[in-house]
Amino acid sequence: MASTSRTRTQSSGRARRGVPAARHTRHPKPAARAKHPKGAASVGKPRVPMPRLAEPMWALTLDVEKDRWDKSRGFRKIQVARPRLDPKNPLDASAVILKVKYTGFCGSDAGIWFRTSFKAMIHDSLKAEGKTTRVIGHEVLGEVAEIGPVARAHYGLKEGDLCAAESHIVCGRCHQCLIGQRHVCTDERIIGISRDGGFAEYVKLPATVLWRTDPKKIRLEVAAIQEPFGNAVHASTAVDLRGKSVAMFGCGAIGQFTIMIAKALGASKIIGIDPNPVNAELAKKLGADEVVKFDIHDDKRNGWKAYPEIVERVVKFSGIDGVDVAMEMAGYNSSVNNAIQSVRRGGDVVLFGLKSGDFMIQDFQRVIVKGINIQSVIGRRLFETWEITKNLLESRENGIQDRIWNVMLNKGKDTIVDIADFVPEEFEKKIGTHPKLIIRW
Ligand SMILES: [Zn+2]
Ligand SMILES: [Zn+2]
């Protein structure tokens with residue numbers, strides 16, 4: 001799904017103040033789990049007795065009844081029933097059960113954690129399913145553990161296949177699906193938001209979304225983030241970057257991926273812009289030629305406007321009247337205006353950052369008079385984006401895979417959390433300090 005750079009909300013979001021996270025405790029190490037075969041939840045004292053689960057598994061969840069949207073934050077680590085293929089359900093014939101190995105934690109997940117986005121999608125879909133608990137998580141990597149007969153016969157899947165998953169489950173029947181625009185399907189479901197997801201030991205998925213991955217070519221921890229990397233591939237292929245100067249407004253995880261991809265696709269020079277010094281530093285390490293750190297203007301009336309000092313720096317960097325391409329990856333009104341103001345006559349603005357509500361365009365006539373092209377990007381193109389993702393990550397010459405592991409994921413130090421060690425308060429601290437976190441199952 002489209003992830004949101006949380007550069008600023010991570011450190012100053014409204015939802016973080018004063019409200020304790022839902023209570024969680026560590027669950028026993030795997031050896032001791034057998035003592036709780038009936039699915040004893042790890043959450044404080046449940047108000048209602050937990051149902052007895054025949055086949056419990058650990059999962060990170062949101063319970064919309066217990067965790068009121070405006071009065072809580074965080075995810076509950078509880079045991080839920082392990083999904084199984086139902087021979088009586090015709091849809092399960094073309095589904096698989098993945099045994100999850102790693103699940104990436106994305107800006108969208110942070111939006112759910114801090115209750116700033118996806119409220120309606122989660123609540124409405126749970127209501128339709130007649131339940132209150134949603135398993136979160138959509139950046140999944142796992143091994144095929146169970147296969148429906150159609151998935152086996154038609155998709156050639158077998159037990160043990162390593163697969164990542166496209167997080168948008170598209171309908172295949174709507175107008176957009178039929179004309180090859182499946183990334184904007186009008187009847188899509190999103191894993192971990194509008195159906196149960198991959199922050200769990202097992203997840204049920206239709207075979208149509210699985211993307212086989214070769215563990216000999218892509219290390220597992222990197223393979224787990226092909227889905228968000230694909231967002232960056234989609235953004236980087238929305239316009240031709242060859243020989244172009246590029247400004248990256250917002251250098252969170254997707255901005256960082258995009259810097260590496262833009263370079264690999266032939267961008268001539270890149271300037272990264274981010275108020276978070278950690279992100280700015282990483283942008284430089286990952287290949288930005290110049291970075292701009294800045295202080296957020298504390299101006300309630302004019303906070304939506306472009307920041308003149310940033311526009312000036314970017315235009316100067318371009319050497320002409322602005323950069324060829326401005327990528328907006330942060331989702332702030334001021335950032336959108338920065339992007340529009342920083343691009344040259346006839347240049348391209350790619351919009352990826354996401355925020356609900358109304359935005360204002362400063363000096364709107366500039367867009368028309370200067371012939372600026374604005375292009376928005378959502379999700380990944382199925383499956384062209386995945387194919388490019390695979391090739392960019394498998395090719396060792398561009399150094400992308402190594403930089404993701406060594407720099408963005410810090411070789412796994414503090415960025416990969418075993419579910420047995422998941423403590424919400426500690427995890428929340430990491431959300432603000434690392435561009436990408438991964439949960440190991
Ligand atoms: Zn994501
Ligand atoms: Zn569709």
# chains A, B, ... in the order shown; residues from 1 in each chain; ligands from 1
$ residues_near_ligand --ligand "ligand 2" --cutoff "8 Å" --atoms "only C-alpha atoms and all ligand atoms" --output "list in words"
Val170, Cys171, Gly172, Arg173, Cys174, His175, Gln176, Cys177, Leu178, Arg182, Val184, Cys185, Thr186, Asp187 and Glu188 of chain A
$ write_last_selection --atoms "C-alpha atoms" --output "mmCIF file, in the first residue's frame"
data_model
loop_
_atom_site.group_PDB
_atom_site.id
_atom_site.type_symbol
_atom_site.label_atom_id
_atom_site.label_comp_id
_atom_site.auth_asym_id
_atom_site.auth_seq_id
_atom_site.Cartn_x
_atom_site.Cartn_y
_atom_site.Cartn_z
ATOM 1 C CA VAL A 170 -7.534 -6.593 -6.421
ATOM 2 C CA CYS A 171 -10.866 -7.849 -7.729
ATOM 3 C CA GLY A 172 -9.860 -8.657 -11.316
ATOM 4 C CA ARG A 173 -13.366 -7.759 -12.556
ATOM 5 C CA CYS A 174 -13.787 -3.978 -12.301
ATOM 6 C CA HIS A 175 -13.208 -1.609 -15.217
ATOM 7 C CA GLN A 176 -9.727 -0.653 -14.010
ATOM 8 C CA CYS A 177 -8.651 -4.259 -13.481
ATOM 9 C CA LEU A 178 -9.890 -5.201 -16.932
ATOM 10 C CA ARG A 182 -5.066 -3.058 -11.290
ATOM 11 C CA VAL A 184 -6.357 1.445 -8.857
ATOM 12 C CA CYS A 185 -8.898 -1.374 -8.585
ATOM 13 C CA THR A 186 -12.223 -0.005 -7.325
ATOM 14 C CA ASP A 187 -12.948 -3.053 -5.202
ATOM 15 C CA GLU A 188 -9.588 -3.776 -3.561
#
$ residues_around --residues "Cys163 in chain A" --least-positions-apart "6" --cutoff "9 Å" --atoms "only C-alpha atoms" --output "JSON, numbers by chain"
{"A": [98, 140, 141, 142, 143, 144, 210, 211, 212, 213, 214, 223]}
$ write_last_selection --atoms "C-alpha atoms" --output "short mmCIF file (atom, residue, chain, number, x, y, z; two decimals), in the first residue's frame"
data_model
loop_
_atom_site.label_atom_id
_atom_site.label_comp_id
_atom_site.auth_asym_id
_atom_site.auth_seq_id
_atom_site.Cartn_x
_atom_site.Cartn_y
_atom_site.Cartn_z
CA LEU A 98 2.01 -18.49 4.40
CA VAL A 140 4.98 -9.88 4.32
CA LEU A 141 7.59 -12.49 3.52
CA GLY A 142 6.83 -16.12 4.26
CA GLU A 143 6.95 -19.73 3.19
CA VAL A 144 4.02 -21.55 1.66
CA LEU A 210 2.12 -13.91 -4.13
CA TRP A 211 5.49 -12.97 -5.58
CA ARG A 212 8.07 -15.74 -5.56
CA THR A 213 11.42 -14.66 -4.21
CA ASP A 214 14.81 -16.35 -4.55
CA ALA A 223 13.07 -9.48 0.61
#
$ closest_residue --among "A:Asp70, A:Glu55, A:Glu281, A:Glu159" --to "Val96 in chain A" --atoms "only C-alpha atoms"
A:Glu159
$ residues_near_ligand --ligand "ligand 1" --cutoff "12 Å" --atoms "only C-alpha atoms and all ligand atoms" --output "ChimeraX atom specification"
/A:1-5,103-112,136-140,165-168,190-193,197-198,224-232,253-254,378-380,436-438
$ select_by_dssp --residues "range 174-421 of chain A" --states "strand (DSSP E or B)" --output "JSON, numbers by chain"
{"A": [189, 190, 191, 195, 200, 202, 203, 204, 205, 206, 210, 211, 212, 245, 246, 247, 248, 249, 269, 270, 271, 272, 273, 290, 291, 292, 323, 324, 325, 326, 327, 328, 343, 344, 345, 346, 347, 348, 349, 350, 351, 373, 374, 375, 376, 416, 417, 418]}
$ select_by_dssp --residues "range 26-250 of chain A" --states "helix (DSSP H, G or I)" --output "PyMOL selection string"
chain A and resi 30-33+69-71+90-94+107-113+119-129+149-155+175-178+182-184+207-209+220-223+226-236
$ residues_around --residues "Lys127 in chain A" --least-positions-apart "6" --cutoff "12 Å" --atoms "only C-alpha atoms" --output "ChimeraX atom specification"
/A:63-65,120-121,133-134,194-195
$ write_last_selection --atoms "N, CA and C atoms" --output "PDB file, in the first residue's frame"
ATOM      1  N   ASP A  63      -7.827  -4.128  18.463  1.00  0.00           N
ATOM      2  CA  ASP A  63      -9.173  -4.533  18.857  1.00  0.00           C
ATOM      3  C   ASP A  63      -9.998  -3.261  18.996  1.00  0.00           C
ATOM      4  N   VAL A  64     -10.882  -3.018  18.040  1.00  0.00           N
ATOM      5  CA  VAL A  64     -11.571  -1.721  18.016  1.00  0.00           C
ATOM      6  C   VAL A  64     -12.559  -1.563  19.161  1.00  0.00           C
ATOM      7  N   GLU A  65     -12.876  -2.651  19.836  1.00  0.00           N
ATOM      8  CA  GLU A  65     -13.773  -2.530  20.976  1.00  0.00           C
ATOM      9  C   GLU A  65     -12.987  -2.160  22.230  1.00  0.00           C
ATOM     10  N   ALA A 120     -11.505   4.480   9.172  1.00  0.00           N
ATOM     11  CA  ALA A 120     -12.753   4.048   8.525  1.00  0.00           C
ATOM     12  C   ALA A 120     -12.570   2.686   7.855  1.00  0.00           C
ATOM     13  N   MET A 121     -11.438   2.500   7.156  1.00  0.00           N
ATOM     14  CA  MET A 121     -11.232   1.227   6.455  1.00  0.00           C
ATOM     15  C   MET A 121     -11.204   0.052   7.428  1.00  0.00           C
ATOM     16  N   THR A 133     -11.484  -7.617  15.982  1.00  0.00           N
ATOM     17  CA  THR A 133     -10.020  -7.652  16.021  1.00  0.00           C
ATOM     18  C   THR A 133      -9.430  -7.766  14.629  1.00  0.00           C
ATOM     19  N   ARG A 134      -8.540  -6.846  14.309  1.00  0.00           N
ATOM     20  CA  ARG A 134      -7.864  -6.886  13.023  1.00  0.00           C
ATOM     21  C   ARG A 134      -6.387  -7.223  13.243  1.00  0.00           C
ATOM     22  N   SER A 194      -7.962  -3.866   5.578  1.00  0.00           N
ATOM     23  CA  SER A 194      -9.346  -4.292   5.332  1.00  0.00           C
ATOM     24  C   SER A 194      -9.488  -5.816   5.277  1.00  0.00           C
ATOM     25  N   ARG A 195      -8.428  -6.549   5.591  1.00  0.00           N
ATOM     26  CA  ARG A 195      -8.538  -7.967   5.927  1.00  0.00           C
ATOM     27  C   ARG A 195      -7.315  -8.332   6.755  1.00  0.00           C
TER      28      ARG A 195
END
$ residues_around --residues "Ser236 in chain A" --least-positions-apart "5" --cutoff "10 Å" --atoms "only C-alpha atoms" --output "ChimeraX atom specification"
/A:230-231,241,257-263,265,267,327,350,377
$ atom_distance --atom1 "CA of Asn338 in chain A" --atom2 "CA of Ser356 in chain A"
18.5 Å
$ atom_distance --atom1 "CA of Gly180 in chain A" --atom2 "CA of Leu354 in chain A"
24.0 Å
$ atom_distance --atom1 "CA of Arg189 in chain A" --atom2 "CA of Ile169 in chain A"
5.1 Å
$ closest_residue --among "A:Ala151, A:Ile368, A:Ala128, A:Ile419" --to "Leu205 in chain A" --atoms "only C-alpha atoms"
A:Ala151
$ closest_atom_pairs --of "range 241-331 of chain A" --to "range 430-434 of chain A" --cutoff "9 Å" --atoms "only C-alpha atoms" --output "Markdown table"
| residue | atom | partner | partner_atom | distance |
| --- | --- | --- | --- | --- |
| A:Gly252 | CA | A:His434 | CA | 9.0 |
| A:Ala253 | CA | A:His434 | CA | 8.8 |
| A:Val278 | CA | A:Thr433 | CA | 7.6 |
| A:Asn279 | CA | A:His434 | CA | 8.6 |
$ decode --residues "range 203-337 of chain A" --atoms "C-alpha atoms" --output "PDB file, in the first residue's frame"
ATOM      1  CA  VAL A 203      -1.536 -15.454   7.067  1.00  0.00           C
ATOM      2  CA  LYS A 204      -4.053 -16.593   4.474  1.00  0.00           C
ATOM      3  CA  LEU A 205      -3.618 -14.993   1.043  1.00  0.00           C
ATOM      4  CA  PRO A 206      -4.962 -15.545  -2.456  1.00  0.00           C
ATOM      5  CA  ALA A 207      -2.345 -17.009  -4.769  1.00  0.00           C
ATOM      6  CA  THR A 208      -2.840 -14.018  -7.092  1.00  0.00           C
ATOM      7  CA  VAL A 209      -0.878 -11.672  -4.779  1.00  0.00           C
ATOM      8  CA  LEU A 210       2.117 -13.908  -4.132  1.00  0.00           C
ATOM      9  CA  TRP A 211       5.488 -12.974  -5.584  1.00  0.00           C
ATOM     10  CA  ARG A 212       8.068 -15.739  -5.563  1.00  0.00           C
ATOM     11  CA  THR A 213      11.420 -14.658  -4.210  1.00  0.00           C
ATOM     12  CA  ASP A 214      14.807 -16.353  -4.548  1.00  0.00           C
ATOM     13  CA  PRO A 215      16.508 -16.344  -1.128  1.00  0.00           C
ATOM     14  CA  LYS A 216      19.848 -17.018  -2.788  1.00  0.00           C
ATOM     15  CA  LYS A 217      19.628 -13.658  -4.553  1.00  0.00           C
ATOM     16  CA  ILE A 218      17.866 -11.447  -2.014  1.00  0.00           C
ATOM     17  CA  ARG A 219      18.528 -11.795   1.694  1.00  0.00           C
ATOM     18  CA  LEU A 220      15.350 -12.488   3.632  1.00  0.00           C
ATOM     19  CA  GLU A 221      15.303  -9.256   5.631  1.00  0.00           C
ATOM     20  CA  VAL A 222      15.532  -7.225   2.430  1.00  0.00           C
ATOM     21  CA  ALA A 223      13.068  -9.477   0.607  1.00  0.00           C
ATOM     22  CA  ALA A 224      10.559  -8.619   3.351  1.00  0.00           C
ATOM     23  CA  ILE A 225      10.474  -4.999   2.215  1.00  0.00           C
ATOM     24  CA  GLN A 226       9.937  -5.486  -1.501  1.00  0.00           C
ATOM     25  CA  GLU A 227       6.423  -4.098  -1.112  1.00  0.00           C
ATOM     26  CA  PRO A 228       7.442  -0.618   0.145  1.00  0.00           C
ATOM     27  CA  PHE A 229      10.506  -0.677  -2.105  1.00  0.00           C
ATOM     28  CA  GLY A 230       7.993  -1.185  -4.910  1.00  0.00           C
ATOM     29  CA  ASN A 231       6.267   2.081  -3.940  1.00  0.00           C
ATOM     30  CA  ALA A 232       9.577   3.814  -4.564  1.00  0.00           C
ATOM     31  CA  VAL A 233      10.067   1.942  -7.846  1.00  0.00           C
ATOM     32  CA  HIS A 234       6.601   3.038  -8.931  1.00  0.00           C
ATOM     33  CA  ALA A 235       7.382   6.680  -8.021  1.00  0.00           C
ATOM     34  CA  SER A 236      10.769   6.499  -9.774  1.00  0.00           C
ATOM     35  CA  THR A 237       9.252   5.112 -12.962  1.00  0.00           C
ATOM     36  CA  ALA A 238       6.298   7.522 -13.083  1.00  0.00           C
ATOM     37  CA  VAL A 239       8.502   9.924 -15.070  1.00  0.00           C
ATOM     38  CA  ASP A 240      11.756   9.438 -16.967  1.00  0.00           C
ATOM     39  CA  LEU A 241      14.641  10.172 -14.580  1.00  0.00           C
ATOM     40  CA  ARG A 242      17.528   9.622 -16.981  1.00  0.00           C
ATOM     41  CA  GLY A 243      19.924  12.541 -16.836  1.00  0.00           C
ATOM     42  CA  LYS A 244      17.536  14.515 -14.640  1.00  0.00           C
ATOM     43  CA  SER A 245      18.101  16.544 -11.489  1.00  0.00           C
ATOM     44  CA  VAL A 246      15.815  15.324  -8.721  1.00  0.00           C
ATOM     45  CA  ALA A 247      14.669  16.828  -5.408  1.00  0.00           C
ATOM     46  CA  MET A 248      13.399  14.406  -2.760  1.00  0.00           C
ATOM     47  CA  PHE A 249      11.026  16.162  -0.364  1.00  0.00           C
ATOM     48  CA  GLY A 250      10.879  13.775   2.577  1.00  0.00           C
ATOM     49  CA  CYS A 251      13.653  11.245   3.176  1.00  0.00           C
ATOM     50  CA  GLY A 252      11.904   8.606   5.280  1.00  0.00           C
ATOM     51  CA  ALA A 253      12.089   4.980   4.169  1.00  0.00           C
ATOM     52  CA  ILE A 254      10.358   5.499   0.800  1.00  0.00           C
ATOM     53  CA  GLY A 255      12.376   8.648   0.063  1.00  0.00           C
ATOM     54  CA  GLN A 256      15.567   6.748   0.903  1.00  0.00           C
ATOM     55  CA  PHE A 257      14.641   3.878  -1.401  1.00  0.00           C
ATOM     56  CA  THR A 258      13.763   6.394  -4.109  1.00  0.00           C
ATOM     57  CA  ILE A 259      17.148   8.114  -3.855  1.00  0.00           C
ATOM     58  CA  MET A 260      18.923   4.799  -4.521  1.00  0.00           C
ATOM     59  CA  ILE A 261      16.549   3.799  -7.313  1.00  0.00           C
ATOM     60  CA  ALA A 262      16.668   7.214  -9.021  1.00  0.00           C
ATOM     61  CA  LYS A 263      20.471   7.008  -9.071  1.00  0.00           C
ATOM     62  CA  ALA A 264      20.354   3.455 -10.468  1.00  0.00           C
ATOM     63  CA  LEU A 265      17.919   4.583 -13.177  1.00  0.00           C
ATOM     64  CA  GLY A 266      20.229   7.368 -14.293  1.00  0.00           C
ATOM     65  CA  ALA A 267      19.264  10.543 -12.412  1.00  0.00           C
ATOM     66  CA  SER A 268      22.166  12.997 -12.762  1.00  0.00           C
ATOM     67  CA  LYS A 269      21.998  14.501  -9.263  1.00  0.00           C
ATOM     68  CA  ILE A 270      19.723  14.360  -6.234  1.00  0.00           C
ATOM     69  CA  ILE A 271      19.035  16.750  -3.388  1.00  0.00           C
ATOM     70  CA  GLY A 272      17.275  15.376  -0.280  1.00  0.00           C
ATOM     71  CA  ILE A 273      15.157  17.577   1.999  1.00  0.00           C
ATOM     72  CA  ASP A 274      14.096  16.455   5.482  1.00  0.00           C
ATOM     73  CA  PRO A 275      13.714  18.130   8.890  1.00  0.00           C
ATOM     74  CA  ASN A 276      14.846  14.989  10.701  1.00  0.00           C
ATOM     75  CA  PRO A 277      18.684  15.019  10.925  1.00  0.00           C
ATOM     76  CA  VAL A 278      18.792  11.193  11.055  1.00  0.00           C
ATOM     77  CA  ASN A 279      16.903  10.950   7.755  1.00  0.00           C
ATOM     78  CA  ALA A 280      19.015  13.691   6.182  1.00  0.00           C
ATOM     79  CA  GLU A 281      22.193  11.876   7.214  1.00  0.00           C
ATOM     80  CA  LEU A 282      20.932   8.567   5.803  1.00  0.00           C
ATOM     81  CA  ALA A 283      19.879  10.252   2.550  1.00  0.00           C
ATOM     82  CA  LYS A 284      23.466  11.429   2.115  1.00  0.00           C
ATOM     83  CA  LYS A 285      24.895   7.980   2.873  1.00  0.00           C
ATOM     84  CA  LEU A 286      22.506   6.391   0.376  1.00  0.00           C
ATOM     85  CA  GLY A 287      23.527   8.611  -2.503  1.00  0.00           C
ATOM     86  CA  ALA A 288      21.996  12.097  -2.252  1.00  0.00           C
ATOM     87  CA  ASP A 289      24.508  14.634  -3.579  1.00  0.00           C
ATOM     88  CA  GLU A 290      23.286  17.287  -1.198  1.00  0.00           C
ATOM     89  CA  VAL A 291      20.865  17.358   1.726  1.00  0.00           C
ATOM     90  CA  VAL A 292      18.856  20.170   3.256  1.00  0.00           C
ATOM     91  CA  LYS A 293      17.927  19.994   6.912  1.00  0.00           C
ATOM     92  CA  PHE A 294      15.433  22.579   8.070  1.00  0.00           C
ATOM     93  CA  ASP A 295      13.350  23.651  11.040  1.00  0.00           C
ATOM     94  CA  ILE A 296       9.600  23.305  10.794  1.00  0.00           C
ATOM     95  CA  HIS A 297       7.917  26.723  10.752  1.00  0.00           C
ATOM     96  CA  ASP A 298       5.706  27.139  13.761  1.00  0.00           C
ATOM     97  CA  ASP A 299       3.231  29.293  11.871  1.00  0.00           C
ATOM     98  CA  LYS A 300      -0.395  28.234  12.149  1.00  0.00           C
ATOM     99  CA  ARG A 301      -1.619  30.680   9.494  1.00  0.00           C
ATOM    100  CA  ASN A 302       1.028  30.230   6.837  1.00  0.00           C
ATOM    101  CA  GLY A 303       2.319  26.762   7.685  1.00  0.00           C
ATOM    102  CA  TRP A 304       0.852  25.383   4.450  1.00  0.00           C
ATOM    103  CA  LYS A 305       3.012  27.591   2.251  1.00  0.00           C
ATOM    104  CA  ALA A 306       6.341  26.743   0.662  1.00  0.00           C
ATOM    105  CA  TYR A 307       9.454  27.475   2.705  1.00  0.00           C
ATOM    106  CA  PRO A 308      11.378  30.147   0.746  1.00  0.00           C
ATOM    107  CA  GLU A 309      14.754  29.058   2.174  1.00  0.00           C
ATOM    108  CA  ILE A 310      14.205  25.489   0.907  1.00  0.00           C
ATOM    109  CA  VAL A 311      12.995  26.557  -2.548  1.00  0.00           C
ATOM    110  CA  GLU A 312      16.042  28.804  -2.867  1.00  0.00           C
ATOM    111  CA  ARG A 313      18.431  25.964  -1.977  1.00  0.00           C
ATOM    112  CA  VAL A 314      16.819  23.554  -4.437  1.00  0.00           C
ATOM    113  CA  VAL A 315      16.725  26.057  -7.302  1.00  0.00           C
ATOM    114  CA  LYS A 316      20.396  26.875  -6.662  1.00  0.00           C
ATOM    115  CA  PHE A 317      21.216  23.154  -6.673  1.00  0.00           C
ATOM    116  CA  SER A 318      19.507  22.764 -10.062  1.00  0.00           C
ATOM    117  CA  GLY A 319      21.781  25.318 -11.707  1.00  0.00           C
ATOM    118  CA  ILE A 320      18.805  26.553 -13.777  1.00  0.00           C
ATOM    119  CA  ASP A 321      15.284  27.707 -12.853  1.00  0.00           C
ATOM    120  CA  GLY A 322      14.506  24.595 -10.820  1.00  0.00           C
ATOM    121  CA  VAL A 323      14.991  20.825 -10.715  1.00  0.00           C
ATOM    122  CA  ASP A 324      13.685  18.588 -13.497  1.00  0.00           C
ATOM    123  CA  VAL A 325      11.761  16.390 -11.086  1.00  0.00           C
ATOM    124  CA  ALA A 326      10.425  17.076  -7.582  1.00  0.00           C
ATOM    125  CA  MET A 327       9.280  14.039  -5.610  1.00  0.00           C
ATOM    126  CA  GLU A 328       6.938  14.775  -2.714  1.00  0.00           C
ATOM    127  CA  MET A 329       7.246  11.878  -0.258  1.00  0.00           C
ATOM    128  CA  ALA A 330       6.244  13.534   3.037  1.00  0.00           C
ATOM    129  CA  GLY A 331       2.556  14.370   2.693  1.00  0.00           C
ATOM    130  CA  TYR A 332       2.568  17.883   4.146  1.00  0.00           C
ATOM    131  CA  ASN A 333       0.878  20.855   2.521  1.00  0.00           C
ATOM    132  CA  SER A 334       4.042  22.944   2.792  1.00  0.00           C
ATOM    133  CA  SER A 335       6.042  20.109   1.264  1.00  0.00           C
ATOM    134  CA  VAL A 336       3.684  19.886  -1.739  1.00  0.00           C
ATOM    135  CA  ASN A 337       4.113  23.622  -2.269  1.00  0.00           C
TER     136      ASN A 337
END
